[in-house]
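What follows is the content of work.txt, which has compact mmCIF, C-alpha atoms and all ligand atoms:
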# COMPACT_ATOMS: atom_id res chain seq x y z
CA MET M 1 199.27 188.54 58.58
CA ILE M 2 198.56 186.91 61.92
CA ALA M 3 201.65 185.65 63.73
CA VAL M 4 201.52 181.98 64.64
CA ILE M 5 203.41 180.06 67.29
CA GLU M 6 204.51 176.65 66.06
CA ILE M 7 204.71 173.83 68.56
CA MET M 8 207.40 171.37 67.49
CA GLY M 9 207.45 167.96 69.09
CA LEU M 10 211.01 166.66 69.19
CA ALA M 11 209.94 163.08 69.96
CA SER M 12 207.50 162.97 67.04
CA LYS M 13 209.68 165.22 64.85
CA SER M 14 206.59 167.08 63.75
CA ILE M 15 204.68 170.31 64.20
CA VAL M 16 202.01 169.28 66.67
CA LYS M 17 200.05 172.53 66.63
CA LYS M 18 200.01 176.08 65.29
CA ILE M 19 198.56 178.66 67.64
CA PRO M 20 197.76 182.22 66.59
CA VAL M 21 199.36 184.85 68.80
CA PRO M 22 196.56 186.54 70.75
CA SER M 23 196.05 190.24 70.17
CA PRO M 24 196.52 192.04 72.40
CA ILE M 25 198.88 189.71 74.25
CA PRO M 26 197.76 189.42 77.89
CA GLU M 27 200.44 191.24 79.88
CA ASN M 28 201.35 188.70 82.53
CA LEU M 29 200.45 185.52 80.70
CA SER M 30 203.27 183.00 81.07
CA LEU M 31 204.36 180.95 78.12
CA MET M 32 203.43 177.85 80.13
CA ASN M 33 199.88 179.00 80.80
CA PHE M 34 199.47 180.09 77.19
CA LEU M 35 200.49 176.60 76.03
CA ILE M 36 198.31 174.83 78.59
CA SER M 37 195.31 176.97 77.68
CA ASN M 38 195.82 175.83 74.09
CA LYS M 39 195.77 172.16 75.11
CA ILE M 40 199.51 171.59 74.93
CA THR M 41 200.65 169.29 77.72
CA ILE M 42 203.39 170.91 79.79
CA ALA M 43 204.97 168.91 82.58
CA SER M 44 204.93 170.65 85.95
CA SER M 45 204.99 169.66 89.59
CA CYS M 46 205.55 173.06 91.20
CA ASN M 47 202.53 174.88 89.74
CA GLY M 48 204.68 177.42 88.00
CA VAL M 49 206.81 178.72 90.86
CA GLY M 50 210.01 177.90 89.01
CA SER M 51 211.42 175.11 91.17
CA CYS M 52 210.65 171.80 89.46
CA GLN M 53 212.37 172.52 86.11
CA LYS M 54 209.89 170.24 84.33
CA CYS M 55 208.33 172.92 82.15
CA ILE M 56 211.44 173.46 80.04
CA VAL M 57 210.94 174.20 76.34
CA ASN M 58 213.53 175.04 73.68
CA LYS M 59 216.20 173.13 75.66
CA SER M 60 216.60 175.67 78.46
CA ILE M 61 213.59 177.99 78.81
CA LEU M 62 211.51 177.60 81.98
CA SER M 63 208.16 178.28 80.35
CA CYS M 64 206.52 179.15 83.67
CA GLN M 65 209.03 181.95 84.28
CA LEU M 66 208.78 183.69 80.92
CA THR M 67 205.87 185.75 79.65
CA LEU M 68 204.45 185.02 76.24
CA SER M 69 205.32 188.55 75.14
CA ASN M 70 208.98 188.18 76.19
CA PHE M 71 209.16 184.79 74.51
CA ILE M 72 207.98 186.40 71.27
CA LYS M 73 210.59 189.17 71.62
CA MET M 74 213.46 186.72 72.18
CA THR M 75 212.38 184.04 69.69
CA PRO M 76 211.81 185.50 66.21
CA SER M 77 211.08 182.02 64.83
CA LEU M 78 208.08 181.78 67.20
CA ARG M 79 208.85 178.09 67.54
CA VAL M 80 208.35 176.22 70.80
CA GLU M 81 210.21 172.90 70.93
CA ILE M 82 209.00 170.33 73.42
CA SER M 83 211.16 167.26 73.93
CA TYR M 84 208.48 164.73 74.90
CA LEU M 85 205.83 165.56 72.30
S1 LIG O 101 206.46 174.55 86.31
FE1 LIG O 101 208.00 174.02 87.74
S2 LIG O 101 209.72 175.11 87.08
FE2 LIG O 101 208.17 175.68 85.67
Any chance you could put this one into structure tokens?
Amino acid sequence: MIAVIEIMGLASKSIVKKIPVPSPIPENLSLMNFLISNKITIASSCNGVGSCQKCIVNKSILSCQLTLSNFIKMTPSLRVEISYL
């Protein structure tokens, strides 16, 4: 079975997208860049250096500072919650 990341929009209270986990997972791919490359809008004004705090998902995760592979390890539900979607 292929693992799937669910994108949950908290504003719309719906699953906005399901994205298959790539295999193999690119080693240094940030969660933010993974989401952006799958056409999920992620707010950012610091280009991923970790200073603007706009790319937060799941209430407190800076998506630019976490790799996709570490996100998968720490989030067994594979659910990404985005407040403004
Ligand atoms: S993009 Fe600015 S803190 Fe993540």
**OP:** Using only C-alpha atoms and all ligand atoms, find each residue with an atom at most 9 Å away from ligand LIG 101 (chain O) and format the answer as a VMD selection string.
**Re:** chain M and resid 32 42 to 56 62 to 65
**OP:** Would you work out the distance separating CA of Glu27 (chain M) from CA of Leu85 (chain M), expressed in Å to one decimal?
**Re:**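 Computing it gives 27.3 Å between the two atoms.
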Original post:
Given the choices M:Ser37, M:Ser30, M:Thr67, M:Asn58, which gets closest to Arg79 (chain M) if the distance is worked out from only C-alpha atoms?
Top reply: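 Of M:Ser37, M:Ser30, M:Thr67, M:Asn58, the one nearest Arg79 (chain M) is M:Asn58, counting only C-alpha atoms.
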Residues within 12 Å of (208.8, 184.0, 67.8), file coords, all atoms listed in the file, listed as a PDB file with C-alpha atoms, in the frame of the given file:
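Resulting contents of point_4.pdb:
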ATOM      1  CA  ALA M   3     201.650 185.650  63.730  1.00  0.00           C
ATOM      2  CA  VAL M   4     201.520 181.980  64.640  1.00  0.00           C
ATOM      3  CA  ILE M   5     203.410 180.060  67.290  1.00  0.00           C
ATOM      4  CA  GLU M   6     204.510 176.650  66.060  1.00  0.00           C
ATOM      5  CA  ILE M   7     204.710 173.830  68.560  1.00  0.00           C
ATOM      6  CA  ILE M  19     198.560 178.660  67.640  1.00  0.00           C
ATOM      7  CA  PRO M  20     197.760 182.220  66.590  1.00  0.00           C
ATOM      8  CA  VAL M  21     199.360 184.850  68.800  1.00  0.00           C
ATOM      9  CA  LEU M  31     204.360 180.950  78.120  1.00  0.00           C
ATOM     10  CA  ASN M  58     213.530 175.040  73.680  1.00  0.00           C
ATOM     11  CA  LEU M  68     204.450 185.020  76.240  1.00  0.00           C
ATOM     12  CA  SER M  69     205.320 188.550  75.140  1.00  0.00           C
ATOM     13  CA  ASN M  70     208.980 188.180  76.190  1.00  0.00           C
ATOM     14  CA  PHE M  71     209.160 184.790  74.510  1.00  0.00           C
ATOM     15  CA  ILE M  72     207.980 186.400  71.270  1.00  0.00           C
ATOM     16  CA  LYS M  73     210.590 189.170  71.620  1.00  0.00           C
ATOM     17  CA  MET M  74     213.460 186.720  72.180  1.00  0.00           C
ATOM     18  CA  THR M  75     212.380 184.040  69.690  1.00  0.00           C
ATOM     19  CA  PRO M  76     211.810 185.500  66.210  1.00  0.00           C
ATOM     20  CA  SER M  77     211.080 182.020  64.830  1.00  0.00           C
ATOM     21  CA  LEU M  78     208.080 181.780  67.200  1.00  0.00           C
ATOM     22  CA  ARG M  79     208.850 178.090  67.540  1.00  0.00           C
ATOM     23  CA  VAL M  80     208.350 176.220  70.800  1.00  0.00           C
ATOM     24  CA  GLU M  81     210.210 172.900  70.930  1.00  0.00           C
TER      25      GLU M  81
END
**OP:** Give me, please, the distance in Å between CA of Val57 (chain M) and CA of Ser23 (chain M), quoted to one decimal.
**Re:**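 According to the coordinates, CA of Val57 (chain M) and CA of Ser23 (chain M) are separated by 22.7 Å.
Here CA of Lys59 (chain M) stands at a distance of 22.6 Å from CA of Asn28 (chain M).
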Edge lengths and centre in Å to one decimal, as lines of an AutoDock Vina configuration file, is what I'm after for the box along x, y and z that holds all listed atoms of region 68-79 of chain M once 6 Å is added on each side.
center_x = 209.0
center_y = 183.6
center_z = 70.5
size_x = 21.0
size_y = 23.1
size_z = 23.4
